[in-house]
Structures are given as C-alpha cells and as structure tokens.
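K.L.:
Have a peek at target-v2.csv (CSV, C-alpha atoms and all ligand atoms).
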chain,number,residue,atom,x,y,z
A,9,MET,CA,-9.2,-14.3,51.1
A,10,THR,CA,-10.2,-14.5,54.7
A,11,GLY,CA,-13.4,-13.4,56.5
A,12,HIS,CA,-16.0,-11.8,54.4
A,13,LEU,CA,-13.6,-10.4,51.9
A,14,LYS,CA,-12.9,-12.2,48.7
A,15,ALA,CA,-10.0,-11.1,46.4
A,16,ASP,CA,-10.2,-11.8,42.7
A,17,THR,CA,-6.6,-10.7,42.0
A,18,VAL,CA,-3.4,-10.8,43.9
A,19,VAL,CA,-0.7,-8.3,43.0
A,20,ALA,CA,2.8,-8.8,44.5
A,21,ASP,CA,6.5,-8.6,43.7
A,22,SER,CA,8.6,-11.3,42.2
A,23,LYS,CA,9.6,-12.7,45.6
A,24,TYR,CA,6.1,-14.1,45.7
A,25,GLY,CA,6.1,-15.5,42.2
A,26,THR,CA,6.6,-19.1,43.4
A,27,ILE,CA,5.1,-22.4,42.2
A,28,ASP,CA,3.1,-22.7,45.5
A,29,ASN,CA,1.7,-19.3,45.2
A,30,PHE,CA,0.7,-19.6,41.6
A,31,LEU,CA,-1.0,-22.9,42.3
A,32,ALA,CA,-2.7,-21.7,45.4
A,33,CYS,CA,-4.2,-18.8,43.4
A,34,HIS,CA,-5.2,-21.2,40.7
A,35,ASP,CA,-7.1,-23.3,43.2
A,36,GLU,CA,-8.8,-20.3,44.8
A,37,GLY,CA,-9.8,-18.9,41.3
A,38,VAL,CA,-7.7,-15.8,41.9
A,39,LYS,CA,-5.7,-14.0,39.3
A,40,ALA,CA,-2.0,-13.9,40.2
A,41,HIS,CA,-0.5,-10.7,38.9
A,42,ILE,CA,2.9,-11.5,40.2
A,43,PRO,CA,6.2,-11.5,38.2
A,44,ASP,CA,7.4,-15.1,37.8
A,45,LEU,CA,10.3,-16.0,40.1
A,46,LYS,CA,11.3,-18.7,37.6
A,47,ARG,CA,12.0,-16.2,34.9
A,48,ALA,CA,14.7,-14.6,37.1
A,49,ALA,CA,16.2,-18.1,37.5
A,50,LEU,CA,16.0,-18.6,33.7
A,51,LYS,CA,17.9,-15.3,33.2
A,52,ARG,CA,20.6,-16.5,35.6
A,53,THR,CA,20.9,-19.7,33.6
A,54,LYS,CA,21.1,-17.7,30.4
A,55,SER,CA,24.0,-15.7,31.8
A,56,ARG,CA,25.9,-18.9,32.3
A,57,THR,CA,25.2,-19.7,28.6
A,58,ILE,CA,23.4,-23.0,29.4
A,59,PHE,CA,20.3,-24.0,27.5
A,60,THR,CA,17.3,-22.9,29.5
A,61,ASP,CA,14.4,-25.3,30.1
A,62,ASP,CA,12.3,-23.5,27.5
A,63,ARG,CA,14.6,-24.9,24.8
A,64,PHE,CA,13.3,-28.4,25.7
A,65,GLU,CA,10.0,-29.2,23.9
A,66,TYR,CA,7.4,-31.2,25.8
A,67,ASP,CA,5.3,-33.8,24.0
A,68,PRO,CA,2.2,-34.6,26.0
A,69,GLN,CA,1.4,-37.6,23.7
A,70,THR,CA,4.6,-39.5,24.6
A,71,ASP,CA,5.3,-37.7,27.9
A,72,THR,CA,8.8,-36.9,26.8
A,73,TYR,CA,11.0,-33.8,26.1
A,74,ARG,CA,13.0,-33.2,23.0
A,75,CYS,CA,16.3,-31.4,23.6
A,76,PRO,CA,18.1,-28.9,21.3
A,77,ALA,CA,20.1,-31.7,19.9
A,78,GLY,CA,16.9,-33.5,18.9
A,79,LYS,CA,17.3,-36.3,21.5
A,80,VAL,CA,14.4,-37.7,23.5
A,81,LEU,CA,14.4,-37.2,27.3
A,82,LYS,CA,12.3,-39.7,29.1
A,83,ARG,CA,11.0,-39.9,32.7
A,84,LYS,CA,13.9,-40.7,35.1
A,85,SER,CA,12.7,-40.1,38.6
A,86,LEU,CA,9.7,-38.9,40.6
A,87,HIS,CA,10.2,-36.5,43.5
A,88,THR,CA,7.0,-36.7,45.6
A,89,GLU,CA,8.0,-34.0,48.0
A,90,ARG,CA,8.9,-31.5,45.3
A,91,GLU,CA,5.9,-32.8,43.2
A,92,SER,CA,8.1,-33.0,40.1
A,93,ILE,CA,9.4,-35.5,37.6
A,94,ASP,CA,13.0,-35.5,36.2
A,95,TYR,CA,13.4,-36.2,32.5
A,96,GLY,CA,16.7,-37.0,30.9
A,97,ALA,CA,18.5,-38.7,28.0
A,98,PRO,CA,20.7,-41.7,28.5
A,99,LYS,CA,24.1,-40.7,29.9
A,100,LYS,CA,26.0,-42.0,27.0
A,101,ILE,CA,24.0,-39.8,24.6
A,102,CYS,CA,24.7,-36.7,26.6
A,103,VAL,CA,28.4,-37.5,27.0
A,104,ALA,CA,28.8,-37.9,23.3
A,105,CYS,CA,26.7,-34.8,22.4
A,106,GLU,CA,28.4,-32.0,20.6
A,107,LEU,CA,26.1,-29.4,22.3
A,108,ARG,CA,27.0,-30.7,25.8
A,109,SER,CA,29.1,-27.7,26.8
A,110,GLN,CA,26.1,-25.5,26.1
A,111,CYS,CA,23.7,-27.8,27.9
A,112,THR,CA,25.1,-29.1,31.1
A,113,ARG,CA,28.0,-29.3,33.5
A,114,ASN,CA,26.6,-32.5,35.0
A,115,LYS,CA,28.7,-35.7,34.2
A,116,SER,CA,25.5,-37.8,34.1
A,117,GLY,CA,23.9,-35.5,31.5
A,118,ARG,CA,21.1,-32.9,31.4
A,119,THR,CA,18.0,-33.2,33.5
A,120,VAL,CA,14.8,-31.3,33.0
A,121,LYS,CA,12.2,-31.0,35.8
A,122,ARG,CA,8.5,-30.9,35.2
A,123,HIS,CA,6.0,-30.2,38.0
A,124,LEU,CA,3.1,-32.6,38.4
A,125,ARG,CA,0.7,-29.7,37.8
A,126,GLN,CA,2.9,-28.1,35.1
A,127,ASP,CA,-0.1,-27.3,32.7
A,128,GLU,CA,-1.9,-25.3,35.4
A,129,LEU,CA,1.4,-23.6,36.4
A,130,ASN,CA,2.0,-22.7,32.7
A,131,THR,CA,-1.5,-21.2,32.5
A,132,MET,CA,-0.9,-19.1,35.6
A,133,ARG,CA,2.5,-17.9,34.5
A,134,GLU,CA,1.2,-17.0,31.1
A,135,LEU,CA,-1.5,-14.9,32.7
A,136,SER,CA,1.0,-13.2,35.0
A,137,ARG,CA,2.7,-11.9,31.8
A,138,SER,CA,-0.6,-10.4,30.4
A,139,ALA,CA,-1.0,-6.7,29.7
A,140,GLU,CA,-3.5,-6.5,32.6
A,141,SER,CA,-1.0,-8.1,35.0
A,142,LYS,CA,1.8,-5.9,33.9
A,143,LYS,CA,-0.3,-2.8,34.4
A,144,ASP,CA,-1.3,-3.9,37.9
A,145,ILE,CA,2.3,-4.7,38.8
A,146,LYS,CA,3.4,-1.3,37.6
A,147,ILE,CA,0.7,0.5,39.6
A,148,ARG,CA,1.6,-1.5,42.7
A,149,GLN,CA,5.2,-0.4,42.4
A,150,SER,CA,4.4,3.3,42.3
A,151,LEU,CA,1.4,3.2,44.7
A,152,MET,CA,2.2,0.6,47.3
A,153,GLU,CA,6.0,-0.1,47.4
A,154,ARG,CA,6.9,3.3,48.8
A,155,SER,CA,4.0,3.3,51.2
A,156,PHE,CA,4.9,-0.1,52.5
A,157,ALA,CA,8.5,0.9,53.0
A,158,ARG,CA,7.5,4.1,54.9
A,159,SER,CA,4.9,2.3,57.0
A,160,THR,CA,7.5,-0.1,58.4
A,161,ARG,CA,8.7,2.8,60.5
A,162,TYR,CA,5.4,2.5,62.4
A,163,ASP,CA,5.6,-1.3,62.8
A,164,PHE,CA,3.5,-2.2,59.8
A,165,ASP,CA,5.6,-5.3,59.4
A,166,ARG,CA,5.0,-6.4,63.0
A,167,ALA,CA,1.9,-7.4,64.8
A,168,ARG,CA,1.8,-5.6,68.1
A,169,TRP,CA,-1.2,-7.6,69.3
A,170,ARG,CA,-3.0,-10.8,68.7
A,171,GLY,CA,-6.4,-10.9,67.0
A,172,LEU,CA,-7.7,-9.5,63.7
A,173,TRP,CA,-9.7,-6.7,65.3
A,174,ARG,CA,-6.6,-5.4,67.1
A,175,MET,CA,-4.5,-5.6,64.0
A,176,ARG,CA,-7.2,-3.7,62.2
A,177,ILE,CA,-6.7,-0.9,64.7
A,178,GLN,CA,-3.0,-1.0,64.3
A,179,GLU,CA,-3.2,-0.9,60.5
A,180,LEU,CA,-5.8,1.9,60.5
A,181,LEU,CA,-3.6,3.9,62.7
A,182,ILE,CA,-0.7,3.5,60.4
A,183,CYS,CA,-2.7,4.4,57.4
A,184,SER,CA,-4.0,7.5,59.2
A,185,ILE,CA,-0.5,8.6,60.0
A,186,GLN,CA,0.5,8.1,56.4
A,187,ASN,CA,-2.5,10.1,55.2
A,188,ILE,CA,-1.7,12.9,57.7
A,189,GLN,CA,1.9,12.9,56.3
A,190,VAL,CA,0.5,13.3,52.8
A,191,LEU,CA,-1.6,16.3,54.0
A,192,ILE,CA,1.4,17.8,55.6
A,193,LYS,CA,3.5,17.3,52.5
A,194,HIS,CA,0.9,19.1,50.4
A,195,ALA,CA,0.6,22.0,52.9
A,196,ASN,CA,4.4,22.2,52.9
A,197,LYS,CA,4.6,22.9,49.2
A,198,PRO,CA,5.9,26.5,48.6
A,199,LYS,CA,2.8,27.8,46.9
A,200,LYS,CA,0.6,26.5,49.7
A,201,THR,CA,2.7,27.5,52.7
A,202,VAL,CA,0.4,30.3,53.7
A,203,ALA,CA,0.0,30.6,57.4
A,204,ALA,CA,-3.8,30.2,57.2
A,205,LYS,CA,-3.5,26.8,55.5
A,206,VAL,CA,-0.9,25.6,58.0
A,207,ASN,CA,-3.0,26.7,60.9
A,208,ALA,CA,-6.0,25.0,59.5
A,209,LEU,CA,-4.0,21.8,59.0
A,210,GLU,CA,-2.7,21.9,62.5
A,211,ALA,CA,-6.2,22.3,63.8
A,212,ALA,CA,-7.3,19.3,61.7
A,213,LEU,CA,-4.4,17.2,63.1
A,214,ALA,CA,-5.3,18.1,66.6
A,215,GLY,CA,-8.9,17.1,65.9
A,216,LEU,CA,-7.8,13.8,64.5
A,217,LEU,CA,-5.5,13.0,67.4
A,218,SER,CA,-8.1,12.9,70.0
A,219,PRO,CA,-10.5,10.3,68.5
A,220,LEU,CA,-7.5,8.2,67.5
A,221,ASN,CA,-6.2,8.1,71.0
A,222,ALA,CA,-9.6,7.3,72.4
A,223,LEU,CA,-9.5,4.2,70.1
A,224,ILE,CA,-6.1,3.0,71.1
A,225,GLN,CA,-5.5,4.1,74.6
A,226,PRO,CA,-7.3,1.0,76.1
A,227,LEU,CA,-4.6,-1.0,74.3
A,228,GLY,CA,-1.8,1.0,75.9
A,229,PHE,CA,-1.0,2.9,72.7
A,230,GLU,CA,-0.9,6.7,72.4
A,231,LEU,CA,0.0,9.2,69.7
A,232,SER,CA,1.3,12.7,70.3
A,233,TYR,CA,3.0,15.5,68.5
A,234,ASN,CA,5.1,18.4,69.6
A,235,LYS,CA,4.9,20.4,66.5
A,236,TRP,CA,2.9,19.8,63.4
A,237,THR,CA,5.8,18.3,61.4
A,238,ASP,CA,6.8,15.9,64.2
A,239,PHE,CA,4.2,13.2,64.6
A,240,GLN,CA,5.3,10.6,67.1
A,241,ARG,CA,4.1,7.5,69.0
A,242,ALA,CA,4.1,8.2,72.7
B,301,LIG,S1,23.7,-32.8,26.4
B,301,LIG,FE1,22.0,-34.3,26.3
B,301,LIG,S2,20.2,-33.1,26.7
B,301,LIG,FE2,21.8,-31.7,26.2
B,301,LIG,S3,21.5,-31.3,24.0
B,301,LIG,FE3,23.0,-32.9,24.2
B,301,LIG,S4,21.8,-34.8,24.1
B,301,LIG,FE4,20.4,-33.1,24.5
If you took the structure in this file and wrote it as structure tokens, what would it be?
Ligand code: SF4
P.N.:
Amino acid sequence: MTGHLKADTVVADSKYGTIDNFLACHDEGVKAHIPDLKRAALKRTKSRTIFTDDRFEYDPQTDTYRCPAGKVLKRKSLHTERESIDYGAPKKICVACELRSQCTRNKSGRTVKRHLRQDELNTMRELSRSAESKKDIKIRQSLMERSFARSTRYDFDRARWRGLWRMRIQELLICSIQNIQVLIKHANKPKKTVAAKVNALEAALAGLLSPLNALIQPLGFELSYNKWTDFQRA
C-alpha cells in the first residue's frame, strides 16, 4: 500500500489475523484474506470446556449480551487503550448460576469483551472465512511459504541497506537466486540430466551472473559460484 502500488487484497498467515490488522485493512478498503487469530484463541477456550464468547448473544437495541443461562450482561467498564468494553452480569447472579463451572473460573463472574468497532471487525472476520479467502490462503501456503522459508537463507528477512531502491535490489537478487535454483532443480531431474541441457544451463547461469554483479557491486555485494550446483554470495 505504499508508493504507486495499491493492493486490494492482503493474504497472510494467522499470526497476522489481529484486530489491528483487520481494522487497518477495513480502513484502507483492502480485503484481508487472513485466518483469524481469535478463532485459535476460541479453540483454546473450548479445550478448557468454558463457554466461548460466541455463546453470548449481543442485542444492539439494548447494548447488552444474553448469556447461555439467559441472564443479561450489561456494560461494566470501558478500556480506552484496548478500545473495548467489558460486559457482565451482577456477581451474585454468576455466583448462584448452575452453569458457572462451564462459564468462568473468575470469582466475580463472567466478563465478555466487545471492541468499540466490533461490527466492522465482525464483517472483516466473516469475509476472511469466505471461499475466496480460503482459496487465497491455501495458494499462499503452497506458493509462498516454502519460498519465504528458503529465501531467509539469503537474508530476505533482513534489510542489508537503507532505502527502498536498495531493498528492491536485494529482493530482486534473492528472487533471481531462487529462480535459478528452480531452473537447476528442473535440469537435475533424471529425464533431463543430459549433458547438453546441463551445459546450456551453466552457460545461462554464467550469463546471468555478470549483469547481476554489475548491479550490486557498487553496493559491496557480489555473487559467485564454483560449480553449477553451488551458488554463493561472495
Ligand atoms: S456464570 Fe454468569 S454469565 Fe455465565 S452463564 Fe451463569 S449467569 Fe451467565
């Protein structure tokens, strides 16, 4: 979303499925195809056999929740930093509730949190579970995850220099190395390991190396290889 490029969809893993990220995407008009981090938390709550927040029904007319025991949870406190409101039933009701052991371990009773922008958050979370989103997430796992993991060997996760144009060079180099590796892998397949193809590939690599080095040498960076399967940073 920087410079002249405008993304209309962000695809990422669940680590990025946070409230802040969903709302930032909402404000930018960008689709967030990201698994929801909160769902993982909900699963953890389920494993402790405690009622999850989705068992509490919100009523926008009265701005209250109704719990599984049918009791009303009203606003209790506002957390400005967290941008959320806590809802709860009176302590004596929770203490006397026969569902209490399934609902809370808190002596003061059960609390449910609601974000100040909960409706927008719900919309973004619902969209993140759409068929289109699931498809993007799946494609990303197979296409990008392995590539990202491999690219960290070449410092993809670390900026060597300051400035976007320098970073662009670094990233293009890393992408080039990965593409060369893909070429090598294809040439290495048994049915394609004929000497002529290997020689042609070696020649192609040698041809690539020179312009790449011309680009990066002013920055004190140089690539070399001793044999065609051993591509290294000098
Ligand atoms: S413990 Fe409180 S919030 Fe939970 S079900 Fe009982 S009355 Fe409702």
K.L.:
Give me, as a ChimeraX atom specification, all polymer residues having an atom no more than 12 Å from Ile188 in chain A, counting all atoms listed in the file and skipping those fewer than 2 positions away in the same chain.
P.N.:
/A:181-186,190-195,209-210,212-217,236-240
K.L.:
Those same residues, written as a compact mmCIF listing (two decimals), in the coordinates of the input with C-alpha atoms?
P.N.:
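Saved the output as part.txt:
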# COMPACT_ATOMS: atom_id res chain seq x y z
CA LEU A 181 -3.60 3.90 62.70
CA ILE A 182 -0.70 3.50 60.40
CA CYS A 183 -2.70 4.40 57.40
CA SER A 184 -4.00 7.50 59.20
CA ILE A 185 -0.50 8.60 60.00
CA GLN A 186 0.50 8.10 56.40
CA VAL A 190 0.50 13.30 52.80
CA LEU A 191 -1.60 16.30 54.00
CA ILE A 192 1.40 17.80 55.60
CA LYS A 193 3.50 17.30 52.50
CA HIS A 194 0.90 19.10 50.40
CA ALA A 195 0.60 22.00 52.90
CA LEU A 209 -4.00 21.80 59.00
CA GLU A 210 -2.70 21.90 62.50
CA ALA A 212 -7.30 19.30 61.70
CA LEU A 213 -4.40 17.20 63.10
CA ALA A 214 -5.30 18.10 66.60
CA GLY A 215 -8.90 17.10 65.90
CA LEU A 216 -7.80 13.80 64.50
CA LEU A 217 -5.50 13.00 67.40
CA TRP A 236 2.90 19.80 63.40
CA THR A 237 5.80 18.30 61.40
CA ASP A 238 6.80 15.90 64.20
CA PHE A 239 4.20 13.20 64.60
CA GLN A 240 5.30 10.60 67.10
K.L.:
Could you list, as a ChimeraX atom specification, all protein and nucleic acid residues with an atom at most 7 Å from ligand LIG 301 (chain B), counting only C-alpha atoms and all ligand atoms?
P.N.:
/A:75-79,96-97,101-103,105-108,111-112,117-118
K.L.:
Rank A:Leu50, A:Leu45, A:Ile177, A:Phe30 by their smallest atom-to-atom distance to Gln126 in chain A, using only C-alpha atoms, and report the top residue only.
P.N.:
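Of A:Leu50, A:Leu45, A:Ile177, A:Phe30, the one nearest Gln126 in chain A, counting only C-alpha atoms, is A:Phe30.
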K.L.:
Could you tell me, as a PyMOL selection string, which residues have any atom at most 10 Å from (14.3, -34.4, 27.4), counting only C-alpha atoms?
P.N.:
chain A and resi 61+63-67+71-84+94-98+118-121
K.L.:
Do a neighbour search on Arg166 in chain A at 10 Å with only C-alpha atoms, toss out local chain neighbours closer than 3 positions, and write the hits as a list in words.
P.N.:
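Within the cut-off, the hits are Thr160, Tyr162, Asp163, Trp169, Met175 and Gln178 of chain A.
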K.L.:
What separation in Å, quoted to one decimal, exists between CA of Thr26 in chain A and CA of Ile145 in chain A?
P.N.:
15.7 Å
K.L.:
Just the residues within 12 Å of Leu31 in chain A, please, counting all atoms listed in the file, with nothing from its chain fewer than 3 positions along; format it as number ranges by chain.
P.N.:
A: 24-28, 34-40, 123-133
K.L.:
Find the distance between CA of Asp44 in chain A and CA of Asn29 in chain A and write it in Å to one decimal.
P.N.:
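So the answer is 10.2 Å.
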